Amino acid sequence: MPDPNNPDAVAYKLPDGSQVDLNASVPAEGRILTQGDDEGRQVLRHSTAHVLAQAVLSLWPHAKYAGGPPIEDGFYYDFDIGRPFTPEDLAKIEKKMAEIVKEDQPFSREEVAISEAAEIFRDQPYKLEWINEMGDESEEQGVIGEKVSLYRNADKFVDLCRGPHLPSTGRIRAFKLTKSSGAYWRGDERRPMLQRIYGTAWESKEALQNYLWRLEEAEKRDHRRLGPELDLFHFPPELGQGLVVFHPRGALIRKVIEDYSRAEHEAAGYQFVWTPHLAKSTLFEISGHLDWYREGMYPAMELEGATYYPKPMNCPMHMLIYNSRTRSYRELPLRLFEFGTVYRFERSGVLHGLTRLRGFTQDDSHIFCTPDQLAPELSSLLAFVVKVLRAFGLTEFEAELSTRPEKYVGEPEEWDQATEALRKALEAAGIPFTVGEGEGTFYAPKIDVHIRDAIGRRWQMSTLQVDFQFPSRFDLEYVGEDGERHRPFIIHRALFGSVERFFAILLEHYGGALPTWLAPEQVVIIPIGERHHEYAGQVCDRLKDAGIRATVDSSNQSLGNRVRRAQTGKIPYTLVVGDKEADAGSVSVRPRRGVEQRGVPVDEFVDQLKDEIKRRENPDPGS
RNA sequence: GCUGGUGUGGCGCAACUCGGUAGCGCAACCGACUUGUAAUCGGUAGGUUCCCGGUUCGAAUCCGGGCACCAGCUCCA
């Protein structure tokens with residue numbers, strides 16, 4: 001219940017209706033969080049993490065424990081027991097945790113002097129490392145002045161902790177340990193690797209089931225599985241890690257995506273350019289890539305006394321195009337666009353299907369503009385980004401505005417101007433955003449646009465950066481109204497990010513059942529018997545004439561079998577034709593989802609479908 | 001890159017603990033059936049068990065090295 005002396009304090013209300021009394025767990029000067037499911041779940045998960053540590057310590061009394069916070073959908077805790085955990089270990093730990101929950105041990109808070117804490121944790125080097133740093137400002141770990149807060153349950157387990165926690169372990173209703181793996185101590189790859197156990201905890205068995213269902217659903221939608229299944233692309237081992245080939249059906253989808261993007265860019269005043277995949281070291285010396293990005297680049301090729309590199313970015317080449325002649329303010333903003341394929345030597349462990357490749361294609365654009373044009377250009381650009389993403393059926397946007405870091409190039413006033421322009425663009429577009437203070441790159445403040453997919457996952461999509469590095473490195477200029485030379489601003493942006501990654505996200509968003517306008521095969525026609533083949537062929541020609549991607553399935557399979565193949569192949573429309581249809585000039589229409597409709601005149605179907613494709617209708621991705 | 005796991009016909013799996021000539025389903029191919037809305041029936045073919053080496057009379061199985069993939073960590077200019 002809220003503390004009457006502290007009207008701002010609220011009780012944590014758990015989603016099951018029960019409440020956590022903050023008075024029991026947080027002192028009056030303690031933190032005040034807002035009420036809501038998310039906060040309640042954080043408390044629940046944090047408490048479950050303590051129970052996990054308690055269980056591990058009781059099974060391995062010599063284990064060293066490091067720390068364990070709540071995370072999205074669950075929690076983790078890091079340990080050192082001198083070896084990795086096995087699946088059998090996890091089962092044992094889970095059982096032990098269930099016992100602790102059943103015993104309903106109360107959580108209690110206390111504050112002790114830092115020196116006393118050091119004594120309590122004298123055998124725990126990781127805890128000691130934190131304690132020794134305290135007195136600074138690591139409130140995270142529960143430092144209050146010269147004291148530090150601890151949480152105990154039933155005198156059986158104690159941890160350094162800021163809290164708050166549930167009143168007792170019995171309030172943990174549904175949890176599960178999900179996996180374990182290595183994790184560097186304090187996230188530093190030069191430090192020892194600890195063993196991390198991940199788990200999930202929910203307010204009810206149903207919520208846990210729901211979460212596990214979501215995991216399963218994500219697995220079914222995994223583009224790495226759908227890609228080969230739908231014959232879209234694969235990763236030939238002969239090519240090497242992180243290199244993909246697109247099959248005809250995948251390449252067709254990609255073409256539709258790119259064609260649409262090109263048309264939109266053309267309409268928005270972009271000019272298309274093309275640049276090669278290799279360049280001499282000279283270019284990357286000017287751009288600075290060889291200085292600060294060398295290990296991310298493919299190695300050099302020595303040829304006829306020159307050194308060549310595959311390009312890791314298109315930007316430097318676009319700078320050369322700008323600089324190919326004197327530019328006037330009259331031609332700004334100048335918007336250059338390219339689907340540019342780049343090569344980056346990503347560390348092997350980070351590669352992930354189409355979302356993290358070593359060779360991929362950016363929908364890359366550089367906009368050169370005057371200082372006055374910066375703000376309006378950013379605004380219209382952001383609106384453009386949202387418009388294009390919406391066309392693909394992505395409707396939920398969030399953004400992050402990253403501001404000037406400690407180390408930066410350019411002038412502070414320029415940074416402020418650019419950052420303000422970015423902020424205004426976000427406000428004008430009405431996109432909810434968070435600010436990452438100091439999280440910009442050293443050469444640019446930026447906006448990253450994220451979308452949520454059909455099962456609630458967040459993906460970073462577009463990035464808009466105001467670049468302070470290249471204008472001076474490449475000595476870019478334009479002649480202003482005053483006849484003097486000025487330095488332009490550059491907006492660097494990728495809308496899809498990478499075409500391959502965008503492809504993967506769409507595939508997962510729709511679970512492989514792409515909207516008709518994107519589907520590689522839009523209609524399959526199934527003649528019931530041999531005598532209907534001719535009519536099926538006529539219908540197919542009629543569709544093809546209308547620009548619809550259609551085929552006839554005249555294989556010697558049962559009708560049911562062919563319908564099934566069309567369904568599992570995620571083809572939007574299945575047309576069945578037999579005597580009735582041939583006589584009436586109609587088709588029986590079975591959409592991928594929804595009910596079949598018989599006796600639809602061919603012309604009517606063609607018109608409807610043409611319209612659906614033309615309007616680029618996106619179905620509810622559902623699940 | 002680091003820690004751990006996995007690798008068996010195109011795909012999904014079995015045999016691996018305890019070494020003894022590699023099996024199933026789907027797909028493919030051939031044939032019969034000519035079908036009214038999610039799997040017709042019969043047959044055929046297909047494997048250097050990821051690669052290299054070792055142990056053994058004998059290795060898919062045990063051991064070592066490499067490669068690839070998966071999860072997480074770190075990274076993502």
# chains A, B, ... in the order shown; residues from 1 in each chain; ligands from 1

$ interface_residues --of "chain B" --to "chain A" --cutoff "8 Å" --atoms "only C-alpha atoms (C1' of nucleotides)" --output "list in words"
G1, C2, U3, G4, U34, U35, G36, U37, A38, A39, U40, A68, A71, G72, C73, U74, C75 and A77 of chain B

$ select_by_dssp --residues "range 442-502 of chain A" --states "strand (DSSP E or B)" --output "mmCIF file with C-alpha atoms, in the first residue's frame"
data_model
loop_
_atom_site.group_PDB
_atom_site.id
_atom_site.type_symbol
_atom_site.label_atom_id
_atom_site.label_comp_id
_atom_site.auth_asym_id
_atom_site.auth_seq_id
_atom_site.Cartn_x
_atom_site.Cartn_y
_atom_site.Cartn_z
ATOM 1 C CA ALA A 444 27.289 11.794 -36.092
ATOM 2 C CA LYS A 446 21.561 9.874 -35.261
ATOM 3 C CA ILE A 447 18.054 8.519 -35.199
ATOM 4 C CA ASP A 448 17.531 4.779 -35.271
ATOM 5 C CA VAL A 449 14.015 3.719 -36.186
ATOM 6 C CA HIS A 450 12.812 0.424 -34.729
ATOM 7 C CA ILE A 451 9.745 -1.548 -35.689
ATOM 8 C CA ARG A 452 7.789 -4.217 -33.840
ATOM 9 C CA ARG A 458 11.749 -5.213 -31.869
ATOM 10 C CA TRP A 459 14.071 -4.771 -34.847
ATOM 11 C CA GLN A 460 16.290 -1.858 -35.631
ATOM 12 C CA MET A 461 15.534 -0.738 -39.166
ATOM 13 C CA SER A 462 16.434 2.658 -40.513
ATOM 14 C CA THR A 463 19.225 4.892 -39.422
ATOM 15 C CA LEU A 464 19.524 8.644 -40.096
ATOM 16 C CA GLN A 465 22.821 10.293 -39.284
ATOM 17 C CA VAL A 466 24.048 13.842 -39.652
ATOM 18 C CA ASP A 467 27.633 13.228 -40.661
ATOM 19 C CA TYR A 478 29.227 24.271 -52.565
ATOM 20 C CA VAL A 479 29.015 27.801 -53.872
ATOM 21 C CA ARG A 485 32.344 28.508 -50.870
ATOM 22 C CA HIS A 486 30.581 26.757 -48.011
ATOM 23 C CA PHE A 489 25.870 19.085 -44.303
ATOM 24 C CA ILE A 490 25.558 15.421 -45.128
ATOM 25 C CA ILE A 491 22.670 13.267 -44.046
ATOM 26 C CA HIS A 492 23.621 9.652 -44.257
ATOM 27 C CA ARG A 493 20.764 7.189 -44.188
ATOM 28 C CA ALA A 494 19.799 3.612 -44.862
#

$ residues_around --residues "range 370-379 of chain A" --least-positions-apart "4" --cutoff "10 Å" --atoms "only C-alpha atoms (C1' of nucleotides)" --output "ChimeraX atom specification"
/A:329,332-334,383-384,414,417-429,464-466,478,480,486-491

$ write_last_selection --atoms "C-alpha atoms" --output "PDB file, in the first residue's frame"
ATOM      1  CA  TYR A 329      23.482  25.872 -53.725  1.00  0.00           C
ATOM      2  CA  LEU A 332      21.017  21.226 -53.095  1.00  0.00           C
ATOM      3  CA  PRO A 333      19.645  19.230 -51.500  1.00  0.00           C
ATOM      4  CA  LEU A 334      21.379  16.671 -53.658  1.00  0.00           C
ATOM      5  CA  ALA A 383       8.188  10.939 -43.039  1.00  0.00           C
ATOM      6  CA  PHE A 384       9.492   9.210 -46.151  1.00  0.00           C
ATOM      7  CA  GLU A 414      26.815  22.111 -35.251  1.00  0.00           C
ATOM      8  CA  GLN A 417      21.856  22.252 -34.398  1.00  0.00           C
ATOM      9  CA  ALA A 418      21.792  18.801 -35.962  1.00  0.00           C
ATOM     10  CA  THR A 419      20.539  17.093 -32.819  1.00  0.00           C
ATOM     11  CA  GLU A 420      17.745  19.636 -32.456  1.00  0.00           C
ATOM     12  CA  ALA A 421      16.784  19.099 -36.092  1.00  0.00           C
ATOM     13  CA  LEU A 422      16.643  15.343 -35.519  1.00  0.00           C
ATOM     14  CA  ARG A 423      14.516  15.823 -32.409  1.00  0.00           C
ATOM     15  CA  LYS A 424      12.079  18.094 -34.211  1.00  0.00           C
ATOM     16  CA  ALA A 425      11.799  15.626 -37.069  1.00  0.00           C
ATOM     17  CA  LEU A 426      10.852  12.899 -34.588  1.00  0.00           C
ATOM     18  CA  GLU A 427       8.321  15.115 -32.881  1.00  0.00           C
ATOM     19  CA  ALA A 428       6.816  16.137 -36.201  1.00  0.00           C
ATOM     20  CA  ALA A 429       6.538  12.533 -37.309  1.00  0.00           C
ATOM     21  CA  LEU A 464      19.524   8.644 -40.096  1.00  0.00           C
ATOM     22  CA  GLN A 465      22.821  10.293 -39.284  1.00  0.00           C
ATOM     23  CA  VAL A 466      24.048  13.842 -39.652  1.00  0.00           C
ATOM     24  CA  TYR A 478      29.227  24.271 -52.565  1.00  0.00           C
ATOM     25  CA  GLY A 480      26.338  29.731 -52.035  1.00  0.00           C
ATOM     26  CA  HIS A 486      30.581  26.757 -48.011  1.00  0.00           C
ATOM     27  CA  ARG A 487      30.695  23.351 -46.438  1.00  0.00           C
ATOM     28  CA  PRO A 488      27.507  21.307 -46.904  1.00  0.00           C
ATOM     29  CA  PHE A 489      25.870  19.085 -44.303  1.00  0.00           C
ATOM     30  CA  ILE A 490      25.558  15.421 -45.128  1.00  0.00           C
ATOM     31  CA  ILE A 491      22.670  13.267 -44.046  1.00  0.00           C
TER      32      ILE A 491
END

$ residues_around --residues "A22 in chain B" --least-positions-apart "4" --cutoff "9 Å" --atoms "only C-alpha atoms (C1' of nucleotides)" --output "ChimeraX atom specification"
/B:8,15,47,49,60

$ residues_around --residues "Ala251 in chain A" --least-positions-apart "2" --cutoff "12 Å" --atoms "only C-alpha atoms (C1' of nucleotides)" --output "list of chain:residue names"
A:Gly227, A:Asp231, A:Leu232, A:Phe233, A:His234, A:Val244, A:Val245, A:Phe246, A:His247, A:Pro248, A:Arg249, A:Ile253, A:Arg254, A:Lys255, A:Val256, A:Ile257, A:Glu258, A:Asp259, A:Val499, A:Glu500, A:Phe503, A:Leu518, A:Ala519, A:Pro520

$ residues_around --residues "G66 in chain B" --least-positions-apart "3" --cutoff "12 Å" --atoms "only C-alpha atoms (C1' of nucleotides)" --output "ChimeraX atom specification"
/B:50-53

$ select_by_dssp --residues "range 198-423 of chain A" --states "alpha helix (DSSP H)" --output "tab-separated table (two decimals) with N, CA and C atoms, in the first residue's frame"
chain	number	residue	atom	x	y	z
A	205	LYS	N	0.92	-19.50	-14.55
A	205	LYS	CA	1.26	-20.61	-15.45
A	205	LYS	C	0.86	-20.28	-16.89
A	206	GLU	N	-0.30	-19.61	-17.02
A	206	GLU	CA	-0.80	-19.29	-18.35
A	206	GLU	C	0.17	-18.33	-19.07
A	207	ALA	N	0.64	-17.33	-18.31
A	207	ALA	CA	1.54	-16.36	-18.91
A	207	ALA	C	2.84	-17.04	-19.34
A	208	LEU	N	3.29	-17.99	-18.53
A	208	LEU	CA	4.50	-18.75	-18.88
A	208	LEU	C	4.27	-19.55	-20.15
A	209	GLN	N	3.12	-20.23	-20.20
A	209	GLN	CA	2.78	-21.01	-21.40
A	209	GLN	C	2.75	-20.12	-22.63
A	210	ASN	N	2.15	-18.97	-22.46
A	210	ASN	CA	2.03	-18.00	-23.55
A	210	ASN	C	3.42	-17.60	-24.05
A	211	TYR	N	4.33	-17.38	-23.11
A	211	TYR	CA	5.70	-17.02	-23.48
A	211	TYR	C	6.38	-18.16	-24.23
A	212	LEU	N	6.23	-19.36	-23.71
A	212	LEU	CA	6.86	-20.51	-24.37
A	212	LEU	C	6.28	-20.71	-25.78
A	213	TRP	N	4.98	-20.41	-25.91
A	213	TRP	CA	4.36	-20.50	-27.22
A	213	TRP	C	4.99	-19.48	-28.17
A	214	ARG	N	5.25	-18.29	-27.65
A	214	ARG	CA	5.88	-17.25	-28.47
A	214	ARG	C	7.26	-17.69	-28.95
A	215	LEU	N	7.99	-18.36	-28.07
A	215	LEU	CA	9.31	-18.86	-28.46
A	215	LEU	C	9.18	-19.86	-29.60
A	216	GLU	N	8.20	-20.76	-29.46
A	216	GLU	CA	7.98	-21.76	-30.50
A	216	GLU	C	7.61	-21.09	-31.81
A	217	GLU	N	6.74	-20.10	-31.70
A	217	GLU	CA	6.27	-19.39	-32.88
A	217	GLU	C	7.45	-18.69	-33.58
A	218	ALA	N	8.34	-18.11	-32.77
A	218	ALA	CA	9.50	-17.45	-33.34
A	218	ALA	C	10.36	-18.47	-34.08
A	219	GLU	N	10.43	-19.66	-33.55
A	219	GLU	CA	11.24	-20.68	-34.18
A	219	GLU	C	10.63	-21.09	-35.52
A	220	LYS	N	9.31	-21.19	-35.54
A	220	LYS	CA	8.63	-21.57	-36.79
A	220	LYS	C	8.82	-20.51	-37.85
A	221	ARG	N	8.89	-19.24	-37.41
A	221	ARG	CA	9.01	-18.14	-38.35
A	221	ARG	C	10.44	-17.84	-38.73
A	223	HIS	N	13.62	-17.09	-40.33
A	223	HIS	CA	13.87	-17.00	-41.78
A	223	HIS	C	14.91	-18.01	-42.24
A	224	ARG	N	15.77	-18.43	-41.32
A	224	ARG	CA	16.79	-19.40	-41.72
A	224	ARG	C	16.16	-20.75	-42.01
A	225	ARG	N	14.98	-20.96	-41.42
A	225	ARG	CA	14.26	-22.18	-41.69
A	225	ARG	C	13.34	-22.01	-42.90
A	226	LEU	N	12.62	-20.86	-42.93
A	226	LEU	CA	11.69	-20.62	-44.03
A	226	LEU	C	12.40	-20.46	-45.38
A	227	GLY	N	13.57	-19.87	-45.37
A	227	GLY	CA	14.28	-19.60	-46.62
A	227	GLY	C	14.49	-20.85	-47.47
A	228	PRO	N	15.17	-21.85	-46.92
A	228	PRO	CA	15.35	-23.09	-47.68
A	228	PRO	C	14.02	-23.82	-47.90
A	229	GLU	N	13.12	-23.76	-46.92
A	229	GLU	CA	11.85	-24.46	-47.02
A	229	GLU	C	11.04	-23.94	-48.21
A	248	PRO	N	15.74	-18.30	-57.50
A	248	PRO	CA	14.80	-17.49	-58.31
A	248	PRO	C	13.63	-16.92	-57.51
A	249	ARG	N	13.02	-17.72	-56.65
A	249	ARG	CA	11.86	-17.19	-55.91
A	249	ARG	C	12.27	-16.10	-54.93
A	250	GLY	N	13.40	-16.30	-54.25
A	250	GLY	CA	13.87	-15.29	-53.31
A	250	GLY	C	14.28	-14.02	-54.04
A	251	ALA	N	14.96	-14.20	-55.17
A	251	ALA	CA	15.43	-13.05	-55.93
A	251	ALA	C	14.25	-12.26	-56.48
A	252	LEU	N	13.15	-12.96	-56.77
A	252	LEU	CA	11.96	-12.27	-57.27
A	252	LEU	C	11.37	-11.37	-56.18
A	253	ILE	N	11.26	-11.91	-54.97
A	253	ILE	CA	10.76	-11.11	-53.84
A	253	ILE	C	11.64	-9.88	-53.67
A	254	ARG	N	12.93	-10.13	-53.70
A	254	ARG	CA	13.90	-9.07	-53.53
A	254	ARG	C	13.73	-8.00	-54.61
A	255	LYS	N	13.49	-8.47	-55.83
A	255	LYS	CA	13.30	-7.53	-56.94
A	255	LYS	C	12.06	-6.66	-56.69
A	256	VAL	N	10.98	-7.27	-56.21
A	256	VAL	CA	9.76	-6.50	-55.96
A	256	VAL	C	10.03	-5.45	-54.88
A	257	ILE	N	10.75	-5.85	-53.84
A	257	ILE	CA	11.10	-4.91	-52.77
A	257	ILE	C	11.92	-3.76	-53.35
A	258	GLU	N	12.94	-4.11	-54.12
A	258	GLU	CA	13.83	-3.08	-54.65
A	258	GLU	C	13.12	-2.18	-55.67
A	259	ASP	N	12.30	-2.79	-56.51
A	259	ASP	CA	11.57	-1.99	-57.51
A	259	ASP	C	10.69	-0.95	-56.82
A	260	TYR	N	10.00	-1.40	-55.78
A	260	TYR	CA	9.13	-0.46	-55.07
A	260	TYR	C	9.96	0.66	-54.45
A	261	SER	N	11.07	0.26	-53.82
A	261	SER	CA	11.93	1.25	-53.19
A	261	SER	C	12.47	2.25	-54.22
A	262	ARG	N	12.90	1.75	-55.37
A	262	ARG	CA	13.42	2.64	-56.42
A	262	ARG	C	12.34	3.64	-56.86
A	263	ALA	N	11.14	3.12	-57.07
A	263	ALA	CA	10.06	3.99	-57.55
A	263	ALA	C	9.80	5.09	-56.53
A	264	GLU	N	9.79	4.73	-55.25
A	264	GLU	CA	9.54	5.73	-54.21
A	264	GLU	C	10.67	6.75	-54.14
A	265	HIS	N	11.89	6.27	-54.26
A	265	HIS	CA	13.02	7.19	-54.20
A	265	HIS	C	13.01	8.15	-55.38
A	266	GLU	N	12.65	7.61	-56.54
A	266	GLU	CA	12.61	8.45	-57.72
A	266	GLU	C	11.58	9.57	-57.52
A	267	ALA	N	10.42	9.17	-57.00
A	267	ALA	CA	9.36	10.15	-56.79
A	267	ALA	C	9.76	11.18	-55.74
A	281	SER	N	43.49	1.61	-51.71
A	281	SER	CA	43.63	2.00	-50.30
A	281	SER	C	43.52	3.51	-50.13
A	282	THR	N	43.92	4.26	-51.17
A	282	THR	CA	43.85	5.73	-51.11
A	282	THR	C	42.50	6.21	-50.61
A	283	LEU	N	41.44	5.65	-51.18
A	283	LEU	CA	40.09	6.10	-50.82
A	283	LEU	C	39.82	5.89	-49.33
A	284	PHE	N	40.23	4.72	-48.84
A	284	PHE	CA	39.91	4.40	-47.44
A	284	PHE	C	40.87	5.06	-46.47
A	285	GLU	N	41.97	5.58	-47.01
A	285	GLU	CA	42.84	6.42	-46.16
A	285	GLU	C	42.17	7.78	-45.98
A	286	ILE	N	41.64	8.31	-47.09
A	286	ILE	CA	40.96	9.61	-46.98
A	286	ILE	C	39.73	9.48	-46.08
A	287	SER	N	38.96	8.44	-46.29
A	287	SER	CA	37.71	8.31	-45.53
A	287	SER	C	37.99	8.00	-44.07
A	289	HIS	N	38.60	4.95	-42.96
A	289	HIS	CA	38.24	3.56	-42.64
A	289	HIS	C	39.45	2.71	-42.27
A	290	LEU	N	40.56	2.93	-43.00
A	290	LEU	CA	41.73	2.11	-42.71
A	290	LEU	C	42.29	2.40	-41.32
A	291	ASP	N	42.04	3.60	-40.83
A	291	ASP	CA	42.52	3.94	-39.49
A	291	ASP	C	41.68	3.30	-38.41
A	292	TRP	N	40.35	3.46	-38.55
A	292	TRP	CA	39.56	3.02	-37.40
A	292	TRP	C	38.65	1.85	-37.71
A	315	CYS	N	29.64	5.19	-48.66
A	315	CYS	CA	29.76	6.63	-48.46
A	315	CYS	C	30.94	7.26	-49.20
A	316	PRO	N	32.17	6.73	-49.04
A	316	PRO	CA	33.30	7.43	-49.64
A	316	PRO	C	33.12	7.62	-51.14
A	317	MET	N	32.52	6.63	-51.78
A	317	MET	CA	32.35	6.73	-53.22
A	317	MET	C	31.31	7.79	-53.59
A	318	HIS	N	30.30	7.92	-52.74
A	318	HIS	CA	29.30	8.96	-53.00
A	318	HIS	C	29.92	10.35	-52.82
A	319	MET	N	30.87	10.44	-51.91
A	319	MET	CA	31.57	11.71	-51.71
A	319	MET	C	32.31	12.10	-52.99
A	320	LEU	N	32.91	11.09	-53.63
A	320	LEU	CA	33.65	11.36	-54.87
A	320	LEU	C	32.72	11.87	-55.96
A	321	ILE	N	31.51	11.32	-55.99
A	321	ILE	CA	30.55	11.77	-57.01
A	321	ILE	C	30.17	13.22	-56.76
A	322	TYR	N	29.94	13.54	-55.49
A	322	TYR	CA	29.62	14.94	-55.16
A	322	TYR	C	30.75	15.86	-55.59
A	371	PRO	N	23.01	24.31	-44.47
A	371	PRO	CA	22.58	24.30	-43.07
A	371	PRO	C	21.09	24.61	-42.92
A	372	ASP	N	20.59	25.53	-43.74
A	372	ASP	CA	19.17	25.88	-43.64
A	372	ASP	C	18.26	24.74	-44.05
A	373	GLN	N	18.77	23.93	-44.94
A	373	GLN	CA	17.93	22.84	-45.45
A	373	GLN	C	17.90	21.64	-44.51
A	374	LEU	N	18.81	21.62	-43.54
A	374	LEU	CA	18.96	20.42	-42.71
A	374	LEU	C	17.66	20.02	-42.03
A	375	ALA	N	17.05	20.96	-41.31
A	375	ALA	CA	15.87	20.61	-40.52
A	375	ALA	C	14.70	20.16	-41.39
A	376	PRO	N	14.32	20.95	-42.42
A	376	PRO	CA	13.21	20.47	-43.25
A	376	PRO	C	13.53	19.16	-43.96
A	377	GLU	N	14.77	18.99	-44.36
A	377	GLU	CA	15.15	17.75	-45.05
A	377	GLU	C	15.00	16.55	-44.12
A	378	LEU	N	15.43	16.69	-42.87
A	378	LEU	CA	15.32	15.59	-41.92
A	378	LEU	C	13.86	15.25	-41.67
A	379	SER	N	13.03	16.28	-41.59
A	379	SER	CA	11.61	16.04	-41.35
A	379	SER	C	10.98	15.26	-42.48
A	380	SER	N	11.23	15.70	-43.71
A	380	SER	CA	10.59	15.01	-44.82
A	380	SER	C	11.20	13.63	-44.99
A	381	LEU	N	12.47	13.50	-44.67
A	381	LEU	CA	13.13	12.21	-44.76
A	381	LEU	C	12.50	11.20	-43.81
A	382	LEU	N	12.27	11.64	-42.59
A	382	LEU	CA	11.69	10.72	-41.60
A	382	LEU	C	10.28	10.31	-42.02
A	383	ALA	N	9.53	11.27	-42.55
A	383	ALA	CA	8.19	10.94	-43.04
A	383	ALA	C	8.27	9.93	-44.19
A	384	PHE	N	9.27	10.12	-45.02
A	384	PHE	CA	9.49	9.21	-46.15
A	384	PHE	C	9.80	7.79	-45.66
A	385	VAL	N	10.69	7.71	-44.69
A	385	VAL	CA	11.08	6.41	-44.13
A	385	VAL	C	9.84	5.67	-43.61
A	386	VAL	N	9.02	6.40	-42.85
A	386	VAL	CA	7.85	5.77	-42.25
A	386	VAL	C	6.86	5.34	-43.33
A	387	LYS	N	6.73	6.18	-44.34
A	387	LYS	CA	5.80	5.85	-45.43
A	387	LYS	C	6.22	4.55	-46.12
A	388	VAL	N	7.50	4.44	-46.42
A	388	VAL	CA	7.97	3.25	-47.13
A	388	VAL	C	7.83	2.00	-46.26
A	389	LEU	N	8.19	2.11	-44.98
A	389	LEU	CA	8.08	0.96	-44.10
A	389	LEU	C	6.62	0.53	-43.94
A	390	ARG	N	5.74	1.52	-43.85
A	390	ARG	CA	4.30	1.21	-43.73
A	390	ARG	C	3.80	0.44	-44.94
A	391	ALA	N	4.34	0.77	-46.11
A	391	ALA	CA	3.89	0.10	-47.34
A	391	ALA	C	4.13	-1.40	-47.25
A	412	PRO	N	30.70	21.86	-31.52
A	412	PRO	CA	29.56	21.61	-30.62
A	412	PRO	C	28.28	22.29	-31.11
A	413	GLU	N	28.40	23.52	-31.69
A	413	GLU	CA	27.19	24.23	-32.14
A	413	GLU	C	26.52	23.47	-33.28
A	414	GLU	N	27.35	22.90	-34.15
A	414	GLU	CA	26.81	22.11	-35.25
A	414	GLU	C	26.07	20.88	-34.72
A	415	TRP	N	26.69	20.25	-33.75
A	415	TRP	CA	26.06	19.08	-33.14
A	415	TRP	C	24.72	19.45	-32.54
A	416	ASP	N	24.69	20.56	-31.84
A	416	ASP	CA	23.43	20.99	-31.21
A	416	ASP	C	22.37	21.25	-32.26
A	417	GLN	N	22.79	21.93	-33.32
A	417	GLN	CA	21.86	22.25	-34.40
A	417	GLN	C	21.30	20.97	-35.02
A	418	ALA	N	22.21	20.05	-35.31
A	418	ALA	CA	21.79	18.80	-35.96
A	418	ALA	C	20.91	17.97	-35.04
A	419	THR	N	21.30	17.91	-33.77
A	419	THR	CA	20.54	17.09	-32.82
A	419	THR	C	19.13	17.66	-32.64
A	420	GLU	N	19.06	19.00	-32.56
A	420	GLU	CA	17.75	19.64	-32.46
A	420	GLU	C	16.88	19.33	-33.67
A	421	ALA	N	17.52	19.38	-34.86
A	421	ALA	CA	16.78	19.10	-36.09
A	421	ALA	C	16.26	17.66	-36.09
A	422	LEU	N	17.07	16.75	-35.60
A	422	LEU	CA	16.64	15.34	-35.52
A	422	LEU	C	15.46	15.21	-34.55
A	423	ARG	N	15.58	15.89	-33.42
A	423	ARG	CA	14.52	15.82	-32.41
A	423	ARG	C	13.20	16.38	-32.96

$ atom_distance --atom1 "C1' of C62 in chain B" --atom2 "C1' of G20 in chain B"
14.5 Å
